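S.K.: To be precise about what I am sending: the file is called start-v7.txt and holds compact mmCIF, N, CA and C atoms and all ligand atoms.
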```txt
# COMPACT_ATOMS: atom_id res chain seq x y z
N MET A 1024 102.39 126.97 33.06
CA MET A 1024 101.88 125.59 32.88
C MET A 1024 102.20 125.12 31.46
N ASN A 1025 102.70 123.90 31.32
CA ASN A 1025 103.04 123.43 29.97
C ASN A 1025 101.78 122.94 29.23
N PRO A 1026 101.86 122.80 27.91
CA PRO A 1026 100.68 122.43 27.11
C PRO A 1026 100.03 121.13 27.57
N GLU A 1027 100.84 120.15 27.95
CA GLU A 1027 100.28 118.86 28.38
C GLU A 1027 99.44 119.01 29.64
N LYS A 1028 99.95 119.82 30.58
CA LYS A 1028 99.22 120.02 31.85
C LYS A 1028 97.90 120.77 31.62
N LEU A 1029 97.93 121.75 30.72
CA LEU A 1029 96.70 122.50 30.44
C LEU A 1029 95.68 121.59 29.73
N LEU A 1030 96.18 120.68 28.89
CA LEU A 1030 95.28 119.72 28.23
C LEU A 1030 94.68 118.75 29.25
N GLU A 1031 95.44 118.40 30.28
CA GLU A 1031 94.91 117.54 31.36
C GLU A 1031 93.72 118.22 32.03
N GLN A 1032 93.85 119.53 32.25
CA GLN A 1032 92.75 120.29 32.86
C GLN A 1032 91.55 120.32 31.92
N ALA A 1033 91.82 120.45 30.62
CA ALA A 1033 90.72 120.45 29.63
C ALA A 1033 90.02 119.09 29.63
N LEU A 1034 90.78 118.03 29.84
CA LEU A 1034 90.20 116.68 29.89
C LEU A 1034 89.28 116.54 31.10
N GLU A 1035 89.66 117.15 32.21
CA GLU A 1035 88.79 117.17 33.40
C GLU A 1035 87.49 117.90 33.08
N ALA A 1036 87.63 119.05 32.42
CA ALA A 1036 86.45 119.85 32.07
C ALA A 1036 85.54 119.07 31.13
N ARG A 1037 86.13 118.25 30.27
CA ARG A 1037 85.35 117.46 29.30
C ARG A 1037 84.36 116.53 30.00
N ASN A 1038 84.73 116.07 31.19
CA ASN A 1038 83.83 115.18 31.95
C ASN A 1038 82.51 115.87 32.31
N ARG A 1039 82.51 117.19 32.29
CA ARG A 1039 81.30 117.94 32.66
C ARG A 1039 80.42 118.28 31.46
N ALA A 1040 80.84 117.85 30.26
CA ALA A 1040 80.09 118.19 29.06
C ALA A 1040 78.64 117.72 29.18
N TYR A 1041 77.73 118.55 28.65
CA TYR A 1041 76.32 118.17 28.55
C TYR A 1041 76.05 118.02 27.06
N ALA A 1042 76.15 116.79 26.58
CA ALA A 1042 76.06 116.56 25.13
C ALA A 1042 75.14 115.38 24.82
N PRO A 1043 73.86 115.48 25.25
CA PRO A 1043 72.95 114.34 25.05
C PRO A 1043 72.53 114.14 23.60
N TYR A 1044 72.78 115.13 22.73
CA TYR A 1044 72.34 115.03 21.33
C TYR A 1044 73.46 114.52 20.44
N SER A 1045 74.63 115.13 20.52
CA SER A 1045 75.74 114.70 19.66
C SER A 1045 76.57 113.59 20.33
N HIS A 1046 76.52 113.52 21.64
CA HIS A 1046 77.39 112.61 22.40
C HIS A 1046 78.87 112.90 22.14
N PHE A 1047 79.14 114.10 21.67
CA PHE A 1047 80.52 114.51 21.38
C PHE A 1047 80.94 115.48 22.48
N ARG A 1048 81.80 115.01 23.34
CA ARG A 1048 82.16 115.79 24.53
C ARG A 1048 83.46 116.55 24.29
N VAL A 1049 83.44 117.83 24.66
CA VAL A 1049 84.61 118.69 24.46
C VAL A 1049 84.92 119.41 25.77
N GLY A 1050 86.21 119.56 26.06
CA GLY A 1050 86.63 120.31 27.24
C GLY A 1050 87.63 121.39 26.85
N ALA A 1051 87.64 122.47 27.62
CA ALA A 1051 88.58 123.57 27.38
C ALA A 1051 89.11 124.07 28.71
N ALA A 1052 90.36 124.50 28.70
CA ALA A 1052 90.98 125.09 29.90
C ALA A 1052 91.72 126.36 29.47
N LEU A 1053 91.31 127.47 30.05
CA LEU A 1053 91.85 128.80 29.71
C LEU A 1053 92.72 129.27 30.87
N LEU A 1054 93.95 129.62 30.57
CA LEU A 1054 94.90 130.03 31.62
C LEU A 1054 95.07 131.55 31.61
N GLY A 1055 94.77 132.18 32.75
CA GLY A 1055 94.90 133.63 32.87
C GLY A 1055 96.35 134.06 33.04
N ASP A 1056 96.61 135.33 32.75
CA ASP A 1056 97.96 135.89 32.95
C ASP A 1056 98.39 135.74 34.41
N ASP A 1057 97.41 135.77 35.32
CA ASP A 1057 97.70 135.67 36.76
C ASP A 1057 97.74 134.22 37.24
N GLY A 1058 97.72 133.27 36.32
CA GLY A 1058 97.77 131.85 36.68
C GLY A 1058 96.41 131.23 36.99
N SER A 1059 95.35 132.05 36.89
CA SER A 1059 94.01 131.51 37.17
C SER A 1059 93.57 130.58 36.04
N LEU A 1060 92.74 129.60 36.41
CA LEU A 1060 92.31 128.58 35.45
C LEU A 1060 90.80 128.66 35.28
N HIS A 1061 90.34 128.63 34.03
CA HIS A 1061 88.91 128.77 33.74
C HIS A 1061 88.51 127.62 32.83
N LEU A 1062 87.67 126.73 33.35
CA LEU A 1062 87.33 125.52 32.61
C LEU A 1062 86.00 125.69 31.89
N GLY A 1063 85.87 125.01 30.76
CA GLY A 1063 84.62 125.05 30.01
C GLY A 1063 84.34 123.70 29.36
N CYS A 1064 83.05 123.42 29.17
CA CYS A 1064 82.64 122.22 28.45
C CYS A 1064 81.53 122.62 27.48
N ASN A 1065 81.24 121.75 26.51
CA ASN A 1065 80.11 122.07 25.64
C ASN A 1065 78.80 121.76 26.36
N ILE A 1066 77.83 122.63 26.10
CA ILE A 1066 76.51 122.53 26.74
C ILE A 1066 75.47 122.60 25.63
N GLU A 1067 74.84 121.46 25.34
CA GLU A 1067 73.92 121.39 24.21
C GLU A 1067 72.50 121.74 24.62
N ASN A 1068 71.63 121.81 23.61
CA ASN A 1068 70.25 122.23 23.84
C ASN A 1068 69.34 121.50 22.85
N ALA A 1069 68.14 121.17 23.29
CA ALA A 1069 67.18 120.46 22.44
C ALA A 1069 66.89 121.24 21.17
N ALA A 1070 67.01 122.57 21.23
CA ALA A 1070 66.79 123.40 20.04
C ALA A 1070 68.07 123.54 19.20
N TYR A 1071 69.10 122.83 19.59
CA TYR A 1071 70.40 122.78 18.89
C TYR A 1071 71.12 124.12 18.81
N GLY A 1072 70.47 125.15 18.30
CA GLY A 1072 71.11 126.46 18.07
C GLY A 1072 71.72 127.07 19.33
N PRO A 1073 71.04 126.97 20.47
CA PRO A 1073 71.60 127.57 21.68
C PRO A 1073 72.82 126.85 22.25
N THR A 1074 73.25 125.77 21.62
CA THR A 1074 74.43 125.03 22.12
C THR A 1074 75.63 125.94 22.27
N ASN A 1075 76.35 125.77 23.37
CA ASN A 1075 77.57 126.54 23.59
C ASN A 1075 78.78 125.59 23.57
N CYS A 1076 79.79 125.95 22.79
CA CYS A 1076 81.00 125.13 22.71
C CYS A 1076 81.82 125.28 24.00
N ALA A 1077 82.69 124.31 24.21
CA ALA A 1077 83.56 124.31 25.39
C ALA A 1077 84.44 125.56 25.45
N GLU A 1078 84.96 125.97 24.29
CA GLU A 1078 85.86 127.12 24.25
C GLU A 1078 85.14 128.39 24.72
N ARG A 1079 83.92 128.60 24.18
CA ARG A 1079 83.18 129.81 24.55
C ARG A 1079 82.71 129.75 25.99
N THR A 1080 82.38 128.56 26.48
CA THR A 1080 82.00 128.44 27.88
C THR A 1080 83.15 128.92 28.76
N ALA A 1081 84.37 128.47 28.47
CA ALA A 1081 85.54 128.86 29.27
C ALA A 1081 85.80 130.37 29.17
N LEU A 1082 85.71 130.90 27.95
CA LEU A 1082 85.98 132.33 27.75
C LEU A 1082 84.94 133.20 28.44
N PHE A 1083 83.67 132.87 28.25
CA PHE A 1083 82.60 133.70 28.82
C PHE A 1083 82.61 133.60 30.33
N ARG A 1084 82.93 132.41 30.82
CA ARG A 1084 83.00 132.23 32.27
C ARG A 1084 84.11 133.10 32.87
N ALA A 1085 85.26 133.11 32.20
CA ALA A 1085 86.40 133.90 32.70
C ALA A 1085 86.07 135.39 32.70
N ILE A 1086 85.45 135.86 31.63
CA ILE A 1086 85.08 137.28 31.55
C ILE A 1086 84.05 137.62 32.63
N ALA A 1087 83.05 136.76 32.76
CA ALA A 1087 82.00 137.01 33.77
C ALA A 1087 82.57 136.98 35.19
N ASP A 1088 83.66 136.24 35.37
CA ASP A 1088 84.30 136.17 36.69
C ASP A 1088 85.23 137.35 36.94
N GLY A 1089 85.32 138.28 35.99
CA GLY A 1089 86.06 139.52 36.22
C GLY A 1089 87.44 139.61 35.57
N ASN A 1090 87.79 138.61 34.74
CA ASN A 1090 89.09 138.68 34.06
C ASN A 1090 88.96 139.59 32.84
N PRO A 1091 89.85 140.57 32.70
CA PRO A 1091 89.73 141.48 31.56
C PRO A 1091 89.98 140.77 30.23
N PRO A 1092 89.34 141.22 29.16
CA PRO A 1092 89.66 140.70 27.84
C PRO A 1092 91.15 140.80 27.56
N ARG A 1093 91.68 139.85 26.86
CA ARG A 1093 93.10 139.79 26.46
C ARG A 1093 94.05 139.68 27.66
N SER A 1094 93.57 139.03 28.74
CA SER A 1094 94.44 138.81 29.90
C SER A 1094 94.71 137.32 30.08
N PHE A 1095 94.82 136.60 28.94
CA PHE A 1095 94.98 135.15 29.01
C PHE A 1095 96.27 134.70 28.32
N GLN A 1096 96.87 133.64 28.90
CA GLN A 1096 98.15 133.12 28.39
C GLN A 1096 97.96 132.09 27.29
N ALA A 1097 96.93 131.23 27.45
CA ALA A 1097 96.74 130.11 26.51
C ALA A 1097 95.39 129.46 26.77
N ILE A 1098 94.90 128.74 25.75
CA ILE A 1098 93.71 127.88 25.94
C ILE A 1098 94.05 126.50 25.39
N ALA A 1099 93.61 125.48 26.12
CA ALA A 1099 93.75 124.09 25.64
C ALA A 1099 92.36 123.54 25.39
N ILE A 1100 92.23 122.77 24.31
CA ILE A 1100 90.93 122.20 23.90
C ILE A 1100 91.14 120.72 23.61
N ILE A 1101 90.21 119.89 24.09
CA ILE A 1101 90.35 118.46 23.82
C ILE A 1101 89.01 117.83 23.46
N GLY A 1102 89.07 116.93 22.47
CA GLY A 1102 87.88 116.17 22.05
C GLY A 1102 88.35 114.84 21.48
N ASP A 1103 87.39 113.96 21.25
CA ASP A 1103 87.74 112.63 20.73
C ASP A 1103 87.72 112.66 19.21
N THR A 1104 88.71 113.33 18.65
CA THR A 1104 88.80 113.50 17.20
C THR A 1104 90.03 112.75 16.67
N GLU A 1105 90.00 112.46 15.37
CA GLU A 1105 91.12 111.72 14.76
C GLU A 1105 92.39 112.57 14.82
N ALA A 1106 92.27 113.81 14.35
CA ALA A 1106 93.36 114.80 14.49
C ALA A 1106 92.98 115.69 15.67
N PRO A 1107 93.95 116.37 16.28
CA PRO A 1107 93.62 117.27 17.39
C PRO A 1107 92.47 118.20 17.03
N ILE A 1108 91.54 118.38 17.97
CA ILE A 1108 90.29 119.12 17.69
C ILE A 1108 90.59 120.58 17.32
N ALA A 1109 89.87 121.07 16.32
CA ALA A 1109 90.02 122.47 15.90
C ALA A 1109 88.76 123.23 16.28
N PRO A 1110 88.89 124.43 16.84
CA PRO A 1110 87.69 125.18 17.22
C PRO A 1110 86.83 125.55 16.02
N CYS A 1111 85.52 125.63 16.24
CA CYS A 1111 84.59 126.01 15.16
C CYS A 1111 84.78 127.49 14.81
N GLY A 1112 84.18 127.92 13.73
CA GLY A 1112 84.34 129.29 13.26
C GLY A 1112 83.84 130.33 14.26
N VAL A 1113 82.72 130.03 14.92
CA VAL A 1113 82.18 130.98 15.90
C VAL A 1113 83.17 131.16 17.04
N CYS A 1114 83.73 130.08 17.53
CA CYS A 1114 84.69 130.17 18.64
C CYS A 1114 85.96 130.91 18.20
N ARG A 1115 86.36 130.72 16.95
CA ARG A 1115 87.54 131.45 16.46
C ARG A 1115 87.30 132.96 16.52
N GLN A 1116 86.10 133.37 16.13
CA GLN A 1116 85.78 134.81 16.17
C GLN A 1116 85.77 135.31 17.62
N VAL A 1117 85.24 134.52 18.53
CA VAL A 1117 85.20 134.92 19.94
C VAL A 1117 86.62 134.93 20.54
N LEU A 1118 87.43 133.96 20.16
CA LEU A 1118 88.83 133.94 20.61
C LEU A 1118 89.54 135.22 20.17
N LEU A 1119 89.29 135.63 18.91
CA LEU A 1119 89.94 136.84 18.39
C LEU A 1119 89.50 138.09 19.14
N GLU A 1120 88.25 138.08 19.59
CA GLU A 1120 87.72 139.23 20.33
C GLU A 1120 88.31 139.32 21.74
N LEU A 1121 88.44 138.17 22.40
CA LEU A 1121 88.72 138.17 23.84
C LEU A 1121 90.15 137.78 24.20
N CYS A 1122 90.94 137.38 23.19
CA CYS A 1122 92.32 136.96 23.47
C CYS A 1122 93.28 137.77 22.60
N ARG A 1123 94.56 137.78 23.02
CA ARG A 1123 95.57 138.45 22.20
C ARG A 1123 95.80 137.62 20.93
N PRO A 1124 96.04 138.29 19.80
CA PRO A 1124 96.15 137.55 18.53
C PRO A 1124 97.30 136.53 18.51
N ASP A 1125 98.32 136.76 19.34
CA ASP A 1125 99.45 135.82 19.36
C ASP A 1125 99.31 134.75 20.45
N MET A 1126 98.12 134.68 21.09
CA MET A 1126 97.94 133.68 22.15
C MET A 1126 97.90 132.27 21.57
N PRO A 1127 98.63 131.34 22.18
CA PRO A 1127 98.59 129.96 21.68
C PRO A 1127 97.27 129.24 21.99
N VAL A 1128 96.77 128.55 20.99
CA VAL A 1128 95.61 127.66 21.14
C VAL A 1128 96.14 126.23 21.04
N ILE A 1129 96.05 125.51 22.14
CA ILE A 1129 96.61 124.16 22.23
C ILE A 1129 95.48 123.17 21.95
N MET A 1130 95.60 122.46 20.84
CA MET A 1130 94.53 121.56 20.42
C MET A 1130 94.99 120.12 20.61
N GLY A 1131 94.14 119.29 21.22
CA GLY A 1131 94.54 117.92 21.49
C GLY A 1131 93.43 116.93 21.21
N ASN A 1132 93.82 115.64 21.23
CA ASN A 1132 92.81 114.57 21.14
C ASN A 1132 93.14 113.50 22.18
N LEU A 1133 92.32 112.46 22.23
CA LEU A 1133 92.48 111.45 23.29
C LEU A 1133 93.69 110.55 23.05
N GLN A 1134 94.24 110.61 21.84
CA GLN A 1134 95.45 109.83 21.54
C GLN A 1134 96.72 110.54 22.02
N GLY A 1135 96.55 111.72 22.56
CA GLY A 1135 97.71 112.46 23.06
C GLY A 1135 98.41 113.30 22.01
N GLU A 1136 97.78 113.44 20.84
CA GLU A 1136 98.38 114.29 19.79
C GLU A 1136 98.07 115.76 20.11
N ILE A 1137 99.02 116.62 19.80
CA ILE A 1137 98.88 118.05 20.11
C ILE A 1137 99.28 118.89 18.89
N VAL A 1138 98.47 119.91 18.61
CA VAL A 1138 98.83 120.92 17.62
C VAL A 1138 98.66 122.28 18.29
N VAL A 1139 99.59 123.20 18.08
CA VAL A 1139 99.49 124.53 18.65
C VAL A 1139 99.51 125.56 17.52
N MET A 1140 98.51 126.43 17.53
CA MET A 1140 98.46 127.56 16.58
C MET A 1140 98.06 128.80 17.35
N THR A 1141 98.40 129.97 16.84
CA THR A 1141 97.96 131.20 17.52
C THR A 1141 96.52 131.52 17.09
N VAL A 1142 95.90 132.41 17.87
CA VAL A 1142 94.54 132.86 17.58
C VAL A 1142 94.46 133.45 16.17
N SER A 1143 95.41 134.29 15.79
CA SER A 1143 95.32 134.93 14.46
C SER A 1143 95.63 133.94 13.33
N GLU A 1144 96.44 132.94 13.61
CA GLU A 1144 96.64 131.90 12.58
C GLU A 1144 95.35 131.13 12.31
N LEU A 1145 94.54 130.97 13.36
CA LEU A 1145 93.28 130.21 13.21
C LEU A 1145 92.20 131.02 12.50
N LEU A 1146 92.34 132.35 12.48
CA LEU A 1146 91.33 133.18 11.81
C LEU A 1146 92.00 134.29 11.01
N PRO A 1147 92.60 133.92 9.87
CA PRO A 1147 93.25 134.93 9.03
C PRO A 1147 92.20 135.83 8.35
N ALA A 1148 92.62 137.00 7.96
CA ALA A 1148 91.74 137.96 7.26
C ALA A 1148 90.45 138.21 8.02
N ALA A 1149 90.58 138.36 9.33
CA ALA A 1149 89.40 138.44 10.20
C ALA A 1149 88.79 139.84 10.24
N PHE A 1150 87.52 139.88 10.56
CA PHE A 1150 86.85 141.12 10.96
C PHE A 1150 87.14 141.30 12.44
N THR A 1151 87.76 142.41 12.80
CA THR A 1151 88.29 142.55 14.16
C THR A 1151 87.61 143.69 14.94
N PRO A 1152 87.79 143.71 16.27
CA PRO A 1152 87.28 144.82 17.07
C PRO A 1152 87.74 146.17 16.53
N ASN A 1153 88.96 146.21 16.01
CA ASN A 1153 89.53 147.44 15.47
C ASN A 1153 88.71 148.00 14.30
N ASP A 1154 88.15 147.12 13.48
CA ASP A 1154 87.34 147.56 12.34
C ASP A 1154 86.13 148.37 12.82
N VAL A 1155 85.51 147.95 13.91
CA VAL A 1155 84.33 148.66 14.43
C VAL A 1155 84.76 149.96 15.09
N GLN A 1156 85.90 149.93 15.80
CA GLN A 1156 86.36 151.13 16.49
C GLN A 1156 86.70 152.24 15.50
N GLN A 1157 87.21 151.87 14.32
CA GLN A 1157 87.51 152.89 13.30
C GLN A 1157 86.26 153.59 12.84
N GLN A 1158 85.16 152.84 12.72
CA GLN A 1158 83.87 153.42 12.33
C GLN A 1158 83.41 154.43 13.36
N GLU A 1159 83.60 154.08 14.65
CA GLU A 1159 83.20 154.99 15.73
C GLU A 1159 83.91 156.33 15.59
N GLY A 1160 85.18 156.29 15.16
CA GLY A 1160 85.98 157.50 15.00
C GLY A 1160 85.45 158.41 13.90
N LYS A 1161 84.68 157.85 12.94
CA LYS A 1161 84.16 158.64 11.80
C LYS A 1161 82.89 159.38 12.16
N GLN A 1162 82.29 159.03 13.30
CA GLN A 1162 80.97 159.63 13.64
C GLN A 1162 81.10 160.91 14.45
O1 LIG B 1 85.70 122.83 18.96
C1 LIG B 1 84.56 122.38 19.25
C2 LIG B 1 83.79 121.66 18.33
C3 LIG B 1 82.56 121.21 18.74
N1 LIG B 1 82.11 121.46 19.99
C4 LIG B 1 80.80 120.93 20.44
C5 LIG B 1 79.57 121.62 19.94
C6 LIG B 1 78.56 120.50 19.99
O2 LIG B 1 78.04 120.39 21.31
C7 LIG B 1 79.35 119.25 19.71
C8 LIG B 1 79.27 118.76 18.29
O3 LIG B 1 79.58 119.75 17.38
O4 LIG B 1 80.70 119.58 20.02
C9 LIG B 1 82.85 122.16 20.90
O5 LIG B 1 82.46 122.37 22.05
N2 LIG B 1 84.06 122.61 20.49
ZN ZN B 2 82.84 126.50 18.82
```
Would you put the structure from the file into structure tokens?
M.R.:
Amino acid sequence: MNPEKLLEQALEARNRAYAPYSHFRVGAALLGDDGSLHLGCNIENAAYGPTNCAERTALFRAIADGNPPRSFQAIAIIGDTEAPIAPCGVCRQVLLELCRPDMPVIMGNLQGEIVVMTVSELLPAAFTPNDVQQQEGKQ
């Protein structure tokens, strides 16, 4: 699937956003290695903190549906931003955990602008799953 088509799917997912506090709607579409599609939207909460971003909704949904970590081809994200929307820091850390570091993150906005960066480009000098696994080896 090309980046534009995956962004179209993310735009569909954006319609499902539950954002009564910020009114800022975000959609995400995660493409599996097997061609499966996993949609996510942001889901807000009156207590604010429990809010889940569109990216994490798509990722957690895919994992819960039985897709193994790092079995994804790409994720597209769309929001009504001036420049193509960039994932928040928490989502970057989750992307690094559950996706391959060279996986493309396709970022878009409603004007049709697109920026593509890899997961590791979005979170340089990261704390990684490997750092914890090395500690396990010392015990
Ligand atoms: O990349 C982003 C940035 C923000 N949000 C959501 C969180 C919150 O519901 C609203 C405003 O930050 O947008 C996302 O879902 N993804
Ligand atoms: Zn986020």
S.K.: If I take atom C of A:Ala1070 and atom N of A:Ser1045, how far is one from the other in Å, to one decimal?
M.R.: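 Distance between the two atoms: 10.7 Å.
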S.K.: May I ask which of the residues A:Lys1028, A:His1046, A:His1061, A:Lys1161 is the closest one to ligand LIG 1 (chain B), counting all atoms listed in the file?
M.R.: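 Closest to ligand LIG 1 (chain B) of all the choices is A:His1046.
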S.K.: Output as CSV one row per residue of chain A within 7 Å of ligand ZN 2 (chain B): the closest atom pair and its distance in Å to one decimal place, counting all atoms listed in the file, sorted by chain and residue number ascending.
M.R.:
```
residue,atom,partner,partner_atom,distance
A:Asn1075,C,B:ZN2,ZN,6.3
A:Cys1076,CA,B:ZN2,ZN,4.5
A:Ala1077,N,B:ZN2,ZN,5.8
A:Glu1078,N,B:ZN2,ZN,5.9
A:Arg1079,N,B:ZN2,ZN,5.9
A:Pro1110,C,B:ZN2,ZN,5.0
A:Cys1111,N,B:ZN2,ZN,3.8
A:Gly1112,N,B:ZN2,ZN,5.5
A:Val1113,C,B:ZN2,ZN,5.0
A:Cys1114,N,B:ZN2,ZN,3.9
A:Arg1115,N,B:ZN2,ZN,5.8
```
S.K.: Set the distance at 6 Å and use all atoms listed in the file: which residues neighbour A:Ile1108 once local chain neighbours fewer than 2 positions away are removed? I'd like the list as an MDAnalysis selection string.
M.R.: chainID A and resid 1101:1102 1104 1106 1110 1130:1132
S.K.: My list of candidates is A:Asp1088, A:Leu1054, A:Ile1100, A:Leu1062. Which is closest to ligand LIG 1 (chain B) when distances are computed with only N, CA and C atoms and all ligand atoms?
M.R.: A:Ile1100
S.K.: Which centre and edge lengths in Å to one decimal define the box along x, y and z that fits every listed atom of ligand LIG 1 (chain B) plus 8 Å per side, as lines of an AutoDock Vina configuration file?
M.R.:
```
center_x = 81.9
center_y = 120.8
center_z = 19.7
size_x = 23.7
size_y = 20.1
size_z = 20.7
```
S.K.: Would you list, as a VMD selection string, the residues of chain A that end up in helix (DSSP H, G or I) under DSSP run on this structure's backbone?
M.R.: chain A and resid 1026 to 1037 1077 to 1087 1112 to 1121 1142 to 1145 1152 to 1161
S.K.: Could you save the residues just selected, with N, CA and C atoms, as a compact mmCIF listing (two decimals), keeping the file's coordinate frame?
M.R.:
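What follows is the written file selection14.txt:
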```
# COMPACT_ATOMS: atom_id res chain seq x y z
N PRO A 1026 101.86 122.80 27.91
CA PRO A 1026 100.68 122.43 27.11
C PRO A 1026 100.03 121.13 27.57
N GLU A 1027 100.84 120.15 27.95
CA GLU A 1027 100.28 118.86 28.38
C GLU A 1027 99.44 119.01 29.64
N LYS A 1028 99.95 119.82 30.58
CA LYS A 1028 99.22 120.02 31.85
C LYS A 1028 97.90 120.77 31.62
N LEU A 1029 97.93 121.75 30.72
CA LEU A 1029 96.70 122.50 30.44
C LEU A 1029 95.68 121.59 29.73
N LEU A 1030 96.18 120.68 28.89
CA LEU A 1030 95.28 119.72 28.23
C LEU A 1030 94.68 118.75 29.25
N GLU A 1031 95.44 118.40 30.28
CA GLU A 1031 94.91 117.54 31.36
C GLU A 1031 93.72 118.22 32.03
N GLN A 1032 93.85 119.53 32.25
CA GLN A 1032 92.75 120.29 32.86
C GLN A 1032 91.55 120.32 31.92
N ALA A 1033 91.82 120.45 30.62
CA ALA A 1033 90.72 120.45 29.63
C ALA A 1033 90.02 119.09 29.63
N LEU A 1034 90.78 118.03 29.84
CA LEU A 1034 90.20 116.68 29.89
C LEU A 1034 89.28 116.54 31.10
N GLU A 1035 89.66 117.15 32.21
CA GLU A 1035 88.79 117.17 33.40
C GLU A 1035 87.49 117.90 33.08
N ALA A 1036 87.63 119.05 32.42
CA ALA A 1036 86.45 119.85 32.07
C ALA A 1036 85.54 119.07 31.13
N ARG A 1037 86.13 118.25 30.27
CA ARG A 1037 85.35 117.46 29.30
C ARG A 1037 84.36 116.53 30.00
N ALA A 1077 82.69 124.31 24.21
CA ALA A 1077 83.56 124.31 25.39
C ALA A 1077 84.44 125.56 25.45
N GLU A 1078 84.96 125.97 24.29
CA GLU A 1078 85.86 127.12 24.25
C GLU A 1078 85.14 128.39 24.72
N ARG A 1079 83.92 128.60 24.18
CA ARG A 1079 83.18 129.81 24.55
C ARG A 1079 82.71 129.75 25.99
N THR A 1080 82.38 128.56 26.48
CA THR A 1080 82.00 128.44 27.88
C THR A 1080 83.15 128.92 28.76
N ALA A 1081 84.37 128.47 28.47
CA ALA A 1081 85.54 128.86 29.27
C ALA A 1081 85.80 130.37 29.17
N LEU A 1082 85.71 130.90 27.95
CA LEU A 1082 85.98 132.33 27.75
C LEU A 1082 84.94 133.20 28.44
N PHE A 1083 83.67 132.87 28.25
CA PHE A 1083 82.60 133.70 28.82
C PHE A 1083 82.61 133.60 30.33
N ARG A 1084 82.93 132.41 30.82
CA ARG A 1084 83.00 132.23 32.27
C ARG A 1084 84.11 133.10 32.87
N ALA A 1085 85.26 133.11 32.20
CA ALA A 1085 86.40 133.90 32.70
C ALA A 1085 86.07 135.39 32.70
N ILE A 1086 85.45 135.86 31.63
CA ILE A 1086 85.08 137.28 31.55
C ILE A 1086 84.05 137.62 32.63
N ALA A 1087 83.05 136.76 32.76
CA ALA A 1087 82.00 137.01 33.77
C ALA A 1087 82.57 136.98 35.19
N GLY A 1112 84.18 127.92 13.73
CA GLY A 1112 84.34 129.29 13.26
C GLY A 1112 83.84 130.33 14.26
N VAL A 1113 82.72 130.03 14.92
CA VAL A 1113 82.18 130.98 15.90
C VAL A 1113 83.17 131.16 17.04
N CYS A 1114 83.73 130.08 17.53
CA CYS A 1114 84.69 130.17 18.64
C CYS A 1114 85.96 130.91 18.20
N ARG A 1115 86.36 130.72 16.95
CA ARG A 1115 87.54 131.45 16.46
C ARG A 1115 87.30 132.96 16.52
N GLN A 1116 86.10 133.37 16.13
CA GLN A 1116 85.78 134.81 16.17
C GLN A 1116 85.77 135.31 17.62
N VAL A 1117 85.24 134.52 18.53
CA VAL A 1117 85.20 134.92 19.94
C VAL A 1117 86.62 134.93 20.54
N LEU A 1118 87.43 133.96 20.16
CA LEU A 1118 88.83 133.94 20.61
C LEU A 1118 89.54 135.22 20.17
N LEU A 1119 89.29 135.63 18.91
CA LEU A 1119 89.94 136.84 18.39
C LEU A 1119 89.50 138.09 19.14
N GLU A 1120 88.25 138.08 19.59
CA GLU A 1120 87.72 139.23 20.33
C GLU A 1120 88.31 139.32 21.74
N LEU A 1121 88.44 138.17 22.40
CA LEU A 1121 88.72 138.17 23.84
C LEU A 1121 90.15 137.78 24.20
N VAL A 1142 95.90 132.41 17.87
CA VAL A 1142 94.54 132.86 17.58
C VAL A 1142 94.46 133.45 16.17
N SER A 1143 95.41 134.29 15.79
CA SER A 1143 95.32 134.93 14.46
C SER A 1143 95.63 133.94 13.33
N GLU A 1144 96.44 132.94 13.61
CA GLU A 1144 96.64 131.90 12.58
C GLU A 1144 95.35 131.13 12.31
N LEU A 1145 94.54 130.97 13.36
CA LEU A 1145 93.28 130.21 13.21
C LEU A 1145 92.20 131.02 12.50
N PRO A 1152 87.79 143.71 16.27
CA PRO A 1152 87.28 144.82 17.07
C PRO A 1152 87.74 146.17 16.53
N ASN A 1153 88.96 146.21 16.01
CA ASN A 1153 89.53 147.44 15.47
C ASN A 1153 88.71 148.00 14.30
N ASP A 1154 88.15 147.12 13.48
CA ASP A 1154 87.34 147.56 12.34
C ASP A 1154 86.13 148.37 12.82
N VAL A 1155 85.51 147.95 13.91
CA VAL A 1155 84.33 148.66 14.43
C VAL A 1155 84.76 149.96 15.09
N GLN A 1156 85.90 149.93 15.80
CA GLN A 1156 86.36 151.13 16.49
C GLN A 1156 86.70 152.24 15.50
N GLN A 1157 87.21 151.87 14.32
CA GLN A 1157 87.51 152.89 13.30
C GLN A 1157 86.26 153.59 12.84
N GLN A 1158 85.16 152.84 12.72
CA GLN A 1158 83.87 153.42 12.33
C GLN A 1158 83.41 154.43 13.36
N GLU A 1159 83.60 154.08 14.65
CA GLU A 1159 83.20 154.99 15.73
C GLU A 1159 83.91 156.33 15.59
N GLY A 1160 85.18 156.29 15.16
CA GLY A 1160 85.98 157.50 15.00
C GLY A 1160 85.45 158.41 13.90
N LYS A 1161 84.68 157.85 12.94
CA LYS A 1161 84.16 158.64 11.80
C LYS A 1161 82.89 159.38 12.16
```
S.K.: Record the distance separating atom CA of A:Ser1143 and atom CA of A:Ala1036, expressed in Å with one decimal.
M.R.: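 Taking atom CA of A:Ser1143 and atom CA of A:Ala1036, their separation equals 24.8 Å.
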S.K.: Grab the atom CA of A:Arg1084 to atom N of A:Gly1063 distance for me, in Å with one decimal place.
M.R.: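 Between these atoms lies a distance of 7.9 Å.
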S.K.: Using only N, CA and C atoms, determine which residues lie at most 8 Å from A:Thr1141, disregarding the query and same-chain residues fewer than 3 positions distant; provide the list as a ChimeraX atom specification.
M.R.: /A:1123-1129,1138,1144-1146
S.K.: List as a ChimeraX atom specification the protein and nucleic acid residues near stretch 1147-1154 of chain A, meaning an atom at most 8 Å away when only C-alpha atoms are counted, but skip any in the same chain fewer than 6 places from it.
M.R.: /A:1116,1119-1120
S.K.: Find, counting only C-alpha atoms and all ligand atoms, the residue in A:Ala1081, A:Leu1121, A:Met1140, A:Leu1030 that gets nearest to ligand LIG 1 (chain B).
M.R.: A:Ala1081
